[in-house]
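Trainee: mmCIF, C-alpha atoms, saved as data31.cif, coming up:
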data_structure
loop_
_atom_site.label_atom_id
_atom_site.label_comp_id
_atom_site.auth_asym_id
_atom_site.auth_seq_id
_atom_site.Cartn_x
_atom_site.Cartn_y
_atom_site.Cartn_z
CA MET A 1 -79.38 135.06 4.52
CA ILE A 2 -80.49 136.42 1.14
CA LYS A 3 -82.34 139.67 0.54
CA VAL A 4 -83.57 140.61 -2.95
CA GLU A 5 -84.82 144.19 -3.18
CA HIS A 6 -86.76 145.54 -6.18
CA VAL A 7 -84.64 143.67 -8.72
CA SER A 8 -85.41 144.30 -12.38
CA MET A 9 -83.52 143.06 -15.42
CA LYS A 10 -83.76 144.24 -19.02
CA PHE A 11 -81.84 143.03 -22.05
CA ARG A 12 -81.30 145.01 -25.24
CA MET A 13 -81.69 143.14 -28.52
CA ALA A 14 -80.64 144.57 -31.87
CA ASN A 15 -83.50 144.80 -34.35
CA ASP A 16 -81.17 144.63 -37.37
CA LYS A 17 -79.95 141.28 -38.62
CA VAL A 18 -76.22 141.85 -38.17
CA MET A 19 -74.25 138.80 -39.33
CA SER A 20 -70.67 139.96 -38.74
CA LEU A 21 -68.54 142.43 -36.78
CA LYS A 22 -68.01 144.45 -39.95
CA GLU A 23 -71.77 144.78 -40.51
CA PHE A 24 -72.18 145.77 -36.84
CA LEU A 25 -69.55 148.54 -37.10
CA VAL A 26 -71.03 149.84 -40.35
CA ALA A 27 -74.51 149.91 -38.78
CA VAL A 28 -73.20 151.77 -35.72
CA LEU A 29 -71.28 154.34 -37.80
CA LYS A 30 -74.29 154.97 -40.03
CA ARG A 31 -76.53 155.05 -36.95
CA ARG A 32 -78.78 152.40 -38.43
CA LEU A 33 -78.57 150.06 -35.46
CA THR A 34 -81.74 150.08 -33.36
CA TYR A 35 -82.50 148.15 -30.19
CA GLU A 36 -85.54 146.70 -28.51
CA GLU A 37 -85.64 146.31 -24.73
CA PHE A 38 -86.82 142.99 -23.32
CA GLN A 39 -87.99 142.81 -19.71
CA VAL A 40 -86.79 139.62 -17.99
CA LEU A 41 -87.49 140.48 -14.33
CA ASP A 42 -89.77 143.22 -13.05
CA ASP A 43 -89.48 144.51 -9.46
CA ILE A 44 -88.67 141.25 -7.66
CA SER A 45 -88.38 141.35 -3.85
CA PHE A 46 -88.15 138.55 -1.27
CA GLU A 47 -86.02 137.28 1.63
CA VAL A 48 -84.62 133.83 2.40
CA LYS A 49 -83.81 132.88 6.00
CA LYS A 50 -80.78 130.87 7.07
CA GLY A 51 -81.28 127.14 6.47
CA GLU A 52 -84.37 127.59 4.28
CA VAL A 53 -84.81 125.67 1.05
CA VAL A 54 -86.76 127.88 -1.37
CA GLY A 55 -87.98 126.61 -4.74
CA ILE A 56 -88.55 128.80 -7.77
CA ILE A 57 -91.09 127.67 -10.37
CA GLY A 58 -92.57 129.12 -13.55
CA LYS A 59 -92.83 128.43 -17.26
CA ASN A 60 -89.87 128.78 -19.62
CA GLY A 61 -88.91 132.43 -20.04
CA ALA A 62 -90.34 133.55 -16.69
CA GLY A 63 -86.89 134.69 -15.52
CA LYS A 64 -85.99 131.88 -13.10
CA SER A 65 -82.43 131.22 -14.31
CA THR A 66 -81.72 134.94 -14.73
CA LEU A 67 -82.78 135.53 -11.12
CA LEU A 68 -80.42 132.81 -9.88
CA LYS A 69 -77.53 134.28 -11.89
CA ILE A 70 -78.15 137.72 -10.37
CA ILE A 71 -78.22 136.31 -6.84
CA ALA A 72 -75.04 134.32 -7.55
CA GLY A 73 -73.31 137.49 -8.78
CA VAL A 74 -72.90 136.20 -12.33
CA MET A 75 -75.09 139.01 -13.69
CA LYS A 76 -75.77 142.55 -12.50
CA PRO A 77 -79.41 143.66 -12.40
CA THR A 78 -80.60 146.71 -14.31
CA SER A 79 -81.99 148.05 -11.04
CA GLY A 80 -82.41 146.89 -7.45
CA LYS A 81 -79.92 145.02 -5.29
CA VAL A 82 -79.18 141.62 -3.74
CA THR A 83 -77.56 141.08 -0.33
CA ALA A 84 -76.18 137.63 0.48
CA ASN A 85 -74.64 136.91 3.89
CA GLY A 86 -72.47 133.86 3.30
CA ASN A 87 -70.32 132.11 0.73
CA ILE A 88 -72.27 131.10 -2.37
CA VAL A 89 -71.72 127.95 -4.43
CA PRO A 90 -73.68 128.29 -7.69
CA MET A 91 -74.61 125.15 -9.62
CA LEU A 92 -76.00 126.87 -12.69
CA GLU A 93 -74.17 125.64 -15.79
CA LEU A 94 -72.21 122.61 -14.64
CA GLY A 95 -68.91 122.19 -16.44
CA SER A 96 -68.86 125.71 -17.89
CA GLY A 97 -65.36 126.24 -16.46
CA PHE A 98 -63.88 123.07 -17.98
CA ASP A 99 -61.07 123.05 -20.56
CA PRO A 100 -61.81 120.31 -23.14
CA GLU A 101 -58.11 119.83 -23.90
CA LEU A 102 -57.29 118.92 -20.28
CA ASN A 103 -58.09 115.59 -18.69
CA GLY A 104 -60.55 115.07 -15.84
CA ARG A 105 -57.86 115.19 -13.16
CA GLU A 106 -56.55 118.55 -14.40
CA ASN A 107 -60.06 119.93 -14.71
CA ILE A 108 -60.79 119.09 -11.08
CA PHE A 109 -58.10 121.60 -10.08
CA LEU A 110 -59.07 124.13 -12.78
CA ASN A 111 -62.80 124.08 -12.05
CA GLY A 112 -62.22 123.88 -8.31
CA ALA A 113 -60.04 127.01 -8.47
CA ILE A 114 -62.82 128.83 -10.37
CA LEU A 115 -65.21 127.88 -7.55
CA GLY A 116 -62.73 129.31 -5.03
CA TYR A 117 -61.20 126.11 -3.62
CA SER A 118 -57.46 126.09 -2.83
CA GLN A 119 -55.06 123.62 -4.43
CA GLU A 120 -54.35 122.10 -1.02
CA PHE A 121 -58.07 121.59 -0.36
CA LEU A 122 -58.60 119.97 -3.78
CA GLN A 123 -55.63 117.65 -3.27
CA GLU A 124 -57.12 116.63 0.07
CA LYS A 125 -60.55 116.02 -1.46
CA TYR A 126 -59.35 114.56 -4.79
CA ASP A 127 -60.04 110.89 -3.95
CA GLU A 128 -63.50 111.80 -2.61
CA ILE A 129 -64.34 113.71 -5.82
CA LEU A 130 -63.12 110.86 -8.02
CA GLU A 131 -65.03 108.23 -6.05
CA PHE A 132 -68.26 110.21 -6.13
CA SER A 133 -67.97 110.89 -9.89
CA GLU A 134 -67.55 107.16 -10.66
CA LEU A 135 -65.22 108.04 -13.54
CA GLY A 136 -62.45 105.62 -12.53
CA GLN A 137 -59.73 105.31 -15.19
CA PHE A 138 -61.52 107.85 -17.41
CA ILE A 139 -60.26 110.59 -15.09
CA ASP A 140 -57.02 110.68 -17.12
CA MET A 141 -58.85 111.04 -20.46
CA PRO A 142 -59.22 114.50 -22.10
CA ILE A 143 -62.75 115.63 -21.33
CA ARG A 144 -63.37 116.45 -24.99
CA ASN A 145 -63.93 112.67 -25.21
CA TYR A 146 -66.40 112.61 -22.31
CA SER A 147 -70.10 112.10 -22.81
CA SER A 148 -72.30 114.90 -21.47
CA GLY A 149 -73.29 112.64 -18.59
CA MET A 150 -69.66 112.00 -17.60
CA MET A 151 -68.89 115.71 -17.70
CA MET A 152 -71.93 116.57 -15.56
CA ARG A 153 -71.02 113.88 -13.01
CA LEU A 154 -67.52 115.32 -12.64
CA ALA A 155 -68.80 118.90 -12.38
CA PHE A 156 -71.41 117.95 -9.75
CA SER A 157 -68.80 116.06 -7.73
CA ILE A 158 -66.50 119.10 -7.66
CA ALA A 159 -69.27 121.62 -6.87
CA THR A 160 -70.66 119.66 -3.89
CA VAL A 161 -67.37 118.70 -2.23
CA VAL A 162 -67.84 121.40 0.43
CA GLN A 163 -70.71 122.45 2.68
CA PRO A 164 -71.55 125.93 1.36
CA GLU A 165 -73.53 128.47 3.37
CA ILE A 166 -75.68 129.29 0.29
CA LEU A 167 -76.30 126.84 -2.55
CA ILE A 168 -77.91 128.01 -5.79
CA VAL A 169 -79.18 125.17 -7.97
CA ASP A 170 -80.63 125.29 -11.48
CA GLU A 171 -82.07 122.01 -12.80
CA ILE A 172 -79.05 119.83 -12.06
CA LEU A 173 -80.65 116.76 -10.48
CA ALA A 174 -80.98 115.14 -13.90
CA VAL A 175 -77.23 114.45 -13.89
CA GLY A 176 -76.10 111.12 -15.37
CA ASP A 177 -78.02 107.84 -15.19
CA GLU A 178 -80.74 106.93 -12.70
CA GLY A 179 -78.27 105.56 -10.15
CA PHE A 180 -76.21 108.75 -10.16
CA GLN A 181 -79.36 110.89 -10.08
CA ASN A 182 -80.40 109.15 -6.86
CA LYS A 183 -76.91 109.65 -5.42
CA SER A 184 -76.83 113.34 -6.40
CA LYS A 185 -80.28 113.86 -4.88
CA ALA A 186 -79.09 112.21 -1.64
CA ARG A 187 -76.05 114.54 -1.63
CA MET A 188 -78.32 117.55 -2.10
CA MET A 189 -80.52 116.40 0.78
CA GLU A 190 -77.40 115.97 2.93
CA LEU A 191 -76.33 119.55 2.20
CA MET A 192 -79.80 120.86 2.97
CA SER A 193 -80.09 118.98 6.25
CA GLY A 194 -76.72 120.40 7.29
CA GLY A 195 -78.09 123.93 7.48
CA THR A 196 -77.19 125.12 3.98
CA THR A 197 -79.51 127.81 2.62
CA VAL A 198 -80.74 126.72 -0.83
CA LEU A 199 -82.41 128.37 -3.81
CA PHE A 200 -83.64 125.68 -6.16
CA VAL A 201 -85.12 125.96 -9.67
CA SER A 202 -86.81 122.90 -11.14
CA HIS A 203 -89.57 122.09 -13.62
CA SER A 204 -90.38 119.00 -11.51
CA LEU A 205 -93.07 119.89 -8.98
CA LYS A 206 -92.42 116.52 -7.33
CA GLN A 207 -88.81 117.52 -6.61
CA ILE A 208 -89.93 120.95 -5.40
CA GLU A 209 -92.51 119.42 -3.03
CA GLU A 210 -89.98 116.89 -1.68
CA MET A 211 -87.17 119.37 -1.05
CA CYS A 212 -88.49 122.89 -0.46
CA ASP A 213 -89.87 124.76 2.56
CA ARG A 214 -91.31 127.64 0.52
CA VAL A 215 -91.88 128.33 -3.17
CA ILE A 216 -91.70 131.45 -5.34
CA TRP A 217 -93.83 131.36 -8.50
CA LEU A 218 -92.60 133.64 -11.28
CA ASP A 219 -95.01 134.56 -14.06
CA ASN A 220 -94.62 137.27 -16.71
CA HIS A 221 -91.32 138.32 -15.06
CA LYS A 222 -93.02 139.12 -11.72
CA ILE A 223 -93.70 137.19 -8.52
CA LYS A 224 -97.19 135.81 -8.93
CA MET A 225 -97.22 133.98 -5.61
CA ILE A 226 -94.88 133.19 -2.72
CA GLY A 227 -95.66 130.92 0.22
CA GLU A 228 -95.79 127.41 1.67
CA THR A 229 -94.75 124.72 -0.79
CA LYS A 230 -97.95 122.67 -1.11
CA GLU A 231 -100.15 125.75 -1.37
CA VAL A 232 -98.11 127.35 -4.17
CA CYS A 233 -97.61 124.09 -6.09
CA ARG A 234 -101.35 123.35 -5.92
CA ALA A 235 -102.20 126.83 -7.20
CA TYR A 236 -99.61 126.45 -9.98
CA GLU A 237 -101.07 123.12 -11.12
CA GLU A 238 -104.64 124.46 -11.04
CA TYR A 239 -103.61 127.51 -13.04
CA TRP A 240 -102.20 125.42 -15.89
CA MET A 241 -105.16 122.99 -15.83
CA GLN A 242 -107.63 125.80 -16.60
#
Now that the file is in, can you turn its structure into structure tokens?
Mentor:
Amino acid sequence: MIKVEHVSMKFRMANDKVMSLKEFLVAVLKRRLTYEEFQVLDDISFEVKKGEVVGIIGKNGAGKSTLLKIIAGVMKPTSGKVTANGNIVPMLELGSGFDPELNGRENIFLNGAILGYSQEFLQEKYDEILEFSELGQFIDMPIRNYSSGMMMRLAFSIATVVQPEILIVDEILAVGDEGFQNKSKARMMELMSGGTTVLFVSHSLKQIEEMCDRVIWLDNHKIKMIGETKEVCRAYEEYWMQ
């Protein structure tokens, strides 16, 4: 379902402290601007079969979120390629497509369109989205007045309204209060049991062990270990206990 072949990712960071566009242009014209390359991913290769739930673990900065963005097509790798056979629904930065000046109702159609849903489909699913989000009368309030929890609940409700072939998830099961977290987890389990192929990043080994068939451990921008969930999670815990 997903094939990642020799994917590497480098970012360039300017060494000079450029504080404005004018300073940047002056530095470029005078050829004073120098860059330092930063390796985020280094020769990553793996495959995910249809219906598999694969967890990705590793410390902050290991490249987990960058890898998900590359697979989702949000970013292009420096080298290597990704092949995905199926429609992808990425849940990476929930609410990133919202317009704060619009109300919740309007943002359902805006964000849904960004995710590729038709207006007719969103109209059909509107009541289901509203009910799941638990926003009630707040749906007609501009989302600039929403709490972060309210915004995340709405975004999660929109993103999971369909049964995608491939679901890419980055630390989103901490959405809202405990009651909504349990409901969002149940929705994720429902999607997974329905044959959806899932890539799942989490810092919670408990969540990884509960939900994943296999685990990829990223360390120093490379794959340190890939295999059965309990085996990889146990090795990961032992490594950090040393």
Trainee: Which residues of stretch 98-121 of chain A come within 8 Å of stretch 157-181 of chain A, and for each one, what is the closest pair of atoms and their distance in Å to one decimal, counting all atoms listed in the file, sorted by chain and residue number, as CSV?
Mentor:
residue,atom,partner,partner_atom,distance
A:Ile108,CA,A:Ile158,CA,6.7
A:Asn111,CA,A:Ile158,CA,7.6
A:Gly112,CA,A:Ile158,CA,6.4
A:Leu115,CA,A:Ala159,CA,7.5
Trainee: Translate the PyMOL selection byres ((chain A and resi 51) around 6), as applied to the file shown, into an explicit residue set as a compact mmCIF listing (two decimals) with C-alpha atoms, keeping the file's coordinate frame.
Mentor:
# COMPACT_ATOMS: atom_id res chain seq x y z
CA LYS A 50 -80.78 130.87 7.07
CA GLU A 52 -84.37 127.59 4.28
CA GLY A 195 -78.09 123.93 7.48
CA THR A 196 -77.19 125.12 3.98
CA THR A 197 -79.51 127.81 2.62
Trainee: Pick the closest to A:Pro90 from A:Val53, A:Leu199, A:Met152, A:Leu122: which is it, counting all atoms listed in the file?
Mentor: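 Residue with the minimum atom-to-atom distance to A:Pro90: A:Leu199.
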Trainee: Between A:Arg144, A:Arg105, A:Arg234, A:Lys81, single out the one closest to A:Asp127, counting only C-alpha atoms.
Mentor: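 Looking only at the distances to A:Asp127, the closest residue turns out to be A:Arg105.
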Trainee: Please identify all polymer residues within 9 Å of A:Tyr236, counting all atoms listed in the file, omitting same-chain residues fewer than 5 positions from it, and present them as a list in words.
Mentor: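 Once the nearby chain positions are removed, what remains is Ile57, Gly58, Trp217, Glu231 and Met241 of chain A.
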Trainee: Mind pulling up the distance from atom CA of A:Val82 to atom CA of A:Asp219?
Mentor: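 Answer for the atom CA of A:Asp219 to atom CA of A:Val82 separation: 20.2 Å.
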Trainee: Residues around (-96.2, 125.6, -2.4), cut-off 9 Å, counting only C-alpha atoms - what are they as a VMD selection string?
Mentor: chain A and resid 55 208 to 209 212 to 217 226 to 236
Trainee: Which residues come within 8 Å of A:Ala84, counting all atoms listed in the file, excluding same-chain residues fewer than 6 positions away, as a PDB file with C-alpha atoms, in the frame of the given file?
Mentor:
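In the end it all went to result_35.pdb:
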ATOM      1  CA  MET A   1     -79.380 135.060   4.520  1.00  0.00           C
ATOM      2  CA  ILE A   2     -80.490 136.420   1.140  1.00  0.00           C
ATOM      3  CA  LYS A   3     -82.340 139.670   0.540  1.00  0.00           C
ATOM      4  CA  ILE A  71     -78.220 136.310  -6.840  1.00  0.00           C
TER       5      ILE A  71
END
Trainee: Have a look at A:Ile143, A:Ala62, A:Val7, A:Leu154 and name the one nearest to A:Ile44; count only C-alpha atoms.
Mentor: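 Result for the nearest residue to A:Ile44: A:Val7.
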Trainee: Write out as a PyMOL selection string the residues lying within 6 Å of A:Pro142, counting only C-alpha atoms and excluding same-chain residues fewer than 2 positions away.
Mentor: chain A and resi 101-103+144-145
Trainee: Could you add N, CA and C atoms to stretch 153-188 of chain A and give me the result as a compact mmCIF listing (two decimals), in the frame of the given file?
Mentor:
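To be explicit, this is the file written out as selection-v5.txt:
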# COMPACT_ATOMS: atom_id res chain seq x y z
N ARG A 153 -71.34 114.59 -14.25
CA ARG A 153 -71.02 113.88 -13.01
C ARG A 153 -69.76 114.45 -12.35
N LEU A 154 -68.76 114.74 -13.18
CA LEU A 154 -67.52 115.32 -12.64
C LEU A 154 -67.78 116.71 -12.08
N ALA A 155 -68.52 117.53 -12.82
CA ALA A 155 -68.80 118.90 -12.38
C ALA A 155 -69.60 118.91 -11.08
N PHE A 156 -70.60 118.03 -10.96
CA PHE A 156 -71.41 117.95 -9.75
C PHE A 156 -70.55 117.52 -8.56
N SER A 157 -69.66 116.57 -8.79
CA SER A 157 -68.80 116.06 -7.73
C SER A 157 -67.88 117.15 -7.19
N ILE A 158 -67.37 118.00 -8.08
CA ILE A 158 -66.50 119.10 -7.66
C ILE A 158 -67.31 120.15 -6.90
N ALA A 159 -68.48 120.51 -7.44
CA ALA A 159 -69.27 121.62 -6.87
C ALA A 159 -69.79 121.30 -5.48
N THR A 160 -70.03 120.02 -5.18
CA THR A 160 -70.66 119.66 -3.89
C THR A 160 -69.67 119.09 -2.88
N VAL A 161 -68.38 119.29 -3.12
CA VAL A 161 -67.37 118.70 -2.23
C VAL A 161 -67.30 119.44 -0.89
N VAL A 162 -67.83 120.65 -0.83
CA VAL A 162 -67.84 121.40 0.43
C VAL A 162 -69.27 121.60 0.91
N GLN A 163 -69.40 122.09 2.12
CA GLN A 163 -70.71 122.45 2.68
C GLN A 163 -70.84 123.96 2.59
N PRO A 164 -71.44 124.48 1.51
CA PRO A 164 -71.55 125.93 1.36
C PRO A 164 -72.60 126.50 2.30
N GLU A 165 -72.50 127.80 2.56
CA GLU A 165 -73.53 128.47 3.37
C GLU A 165 -74.78 128.73 2.52
N ILE A 166 -74.57 129.05 1.22
CA ILE A 166 -75.68 129.29 0.29
C ILE A 166 -75.43 128.47 -0.97
N LEU A 167 -76.40 127.68 -1.35
CA LEU A 167 -76.30 126.84 -2.55
C LEU A 167 -77.38 127.28 -3.54
N ILE A 168 -76.97 127.56 -4.76
CA ILE A 168 -77.91 128.01 -5.79
C ILE A 168 -77.93 126.96 -6.90
N VAL A 169 -79.08 126.36 -7.12
CA VAL A 169 -79.18 125.17 -7.97
C VAL A 169 -80.19 125.39 -9.09
N ASP A 170 -79.75 125.13 -10.31
CA ASP A 170 -80.63 125.29 -11.48
C ASP A 170 -80.71 123.99 -12.26
N GLU A 171 -81.77 123.21 -12.00
CA GLU A 171 -82.07 122.01 -12.80
C GLU A 171 -80.86 121.09 -12.98
N ILE A 172 -80.22 120.69 -11.88
CA ILE A 172 -79.05 119.83 -12.06
C ILE A 172 -79.26 118.42 -11.52
N LEU A 173 -80.44 118.09 -11.03
CA LEU A 173 -80.65 116.76 -10.48
C LEU A 173 -80.99 115.73 -11.54
N ALA A 174 -80.82 116.10 -12.81
CA ALA A 174 -80.98 115.14 -13.90
C ALA A 174 -79.61 114.74 -14.42
N VAL A 175 -78.62 114.72 -13.52
CA VAL A 175 -77.23 114.45 -13.89
C VAL A 175 -77.01 112.96 -14.03
N GLY A 176 -76.50 112.51 -15.19
CA GLY A 176 -76.10 111.12 -15.37
C GLY A 176 -77.28 110.16 -15.42
N ASP A 177 -76.99 108.87 -15.14
CA ASP A 177 -78.02 107.84 -15.19
C ASP A 177 -78.85 107.84 -13.91
N GLU A 178 -79.81 106.92 -13.83
CA GLU A 178 -80.74 106.93 -12.70
C GLU A 178 -80.02 106.71 -11.38
N GLY A 179 -79.01 105.83 -11.38
CA GLY A 179 -78.27 105.56 -10.15
C GLY A 179 -77.55 106.80 -9.65
N PHE A 180 -76.93 107.54 -10.56
CA PHE A 180 -76.21 108.75 -10.16
C PHE A 180 -77.18 109.86 -9.78
N GLN A 181 -78.34 109.90 -10.45
CA GLN A 181 -79.36 110.89 -10.08
C GLN A 181 -79.80 110.70 -8.64
N ASN A 182 -79.99 109.44 -8.24
CA ASN A 182 -80.40 109.15 -6.86
C ASN A 182 -79.30 109.56 -5.88
N LYS A 183 -78.03 109.30 -6.28
CA LYS A 183 -76.91 109.65 -5.42
C LYS A 183 -76.76 111.17 -5.31
N SER A 184 -76.95 111.89 -6.43
CA SER A 184 -76.83 113.34 -6.40
C SER A 184 -77.96 113.97 -5.59
N LYS A 185 -79.15 113.37 -5.68
CA LYS A 185 -80.28 113.86 -4.88
C LYS A 185 -79.99 113.66 -3.39
N ALA A 186 -79.43 112.48 -3.04
CA ALA A 186 -79.09 112.21 -1.64
C ALA A 186 -78.04 113.21 -1.14
N ARG A 187 -77.08 113.56 -2.01
CA ARG A 187 -76.05 114.54 -1.63
C ARG A 187 -76.68 115.91 -1.41
N MET A 188 -77.62 116.28 -2.27
CA MET A 188 -78.32 117.55 -2.10
C MET A 188 -79.09 117.58 -0.78
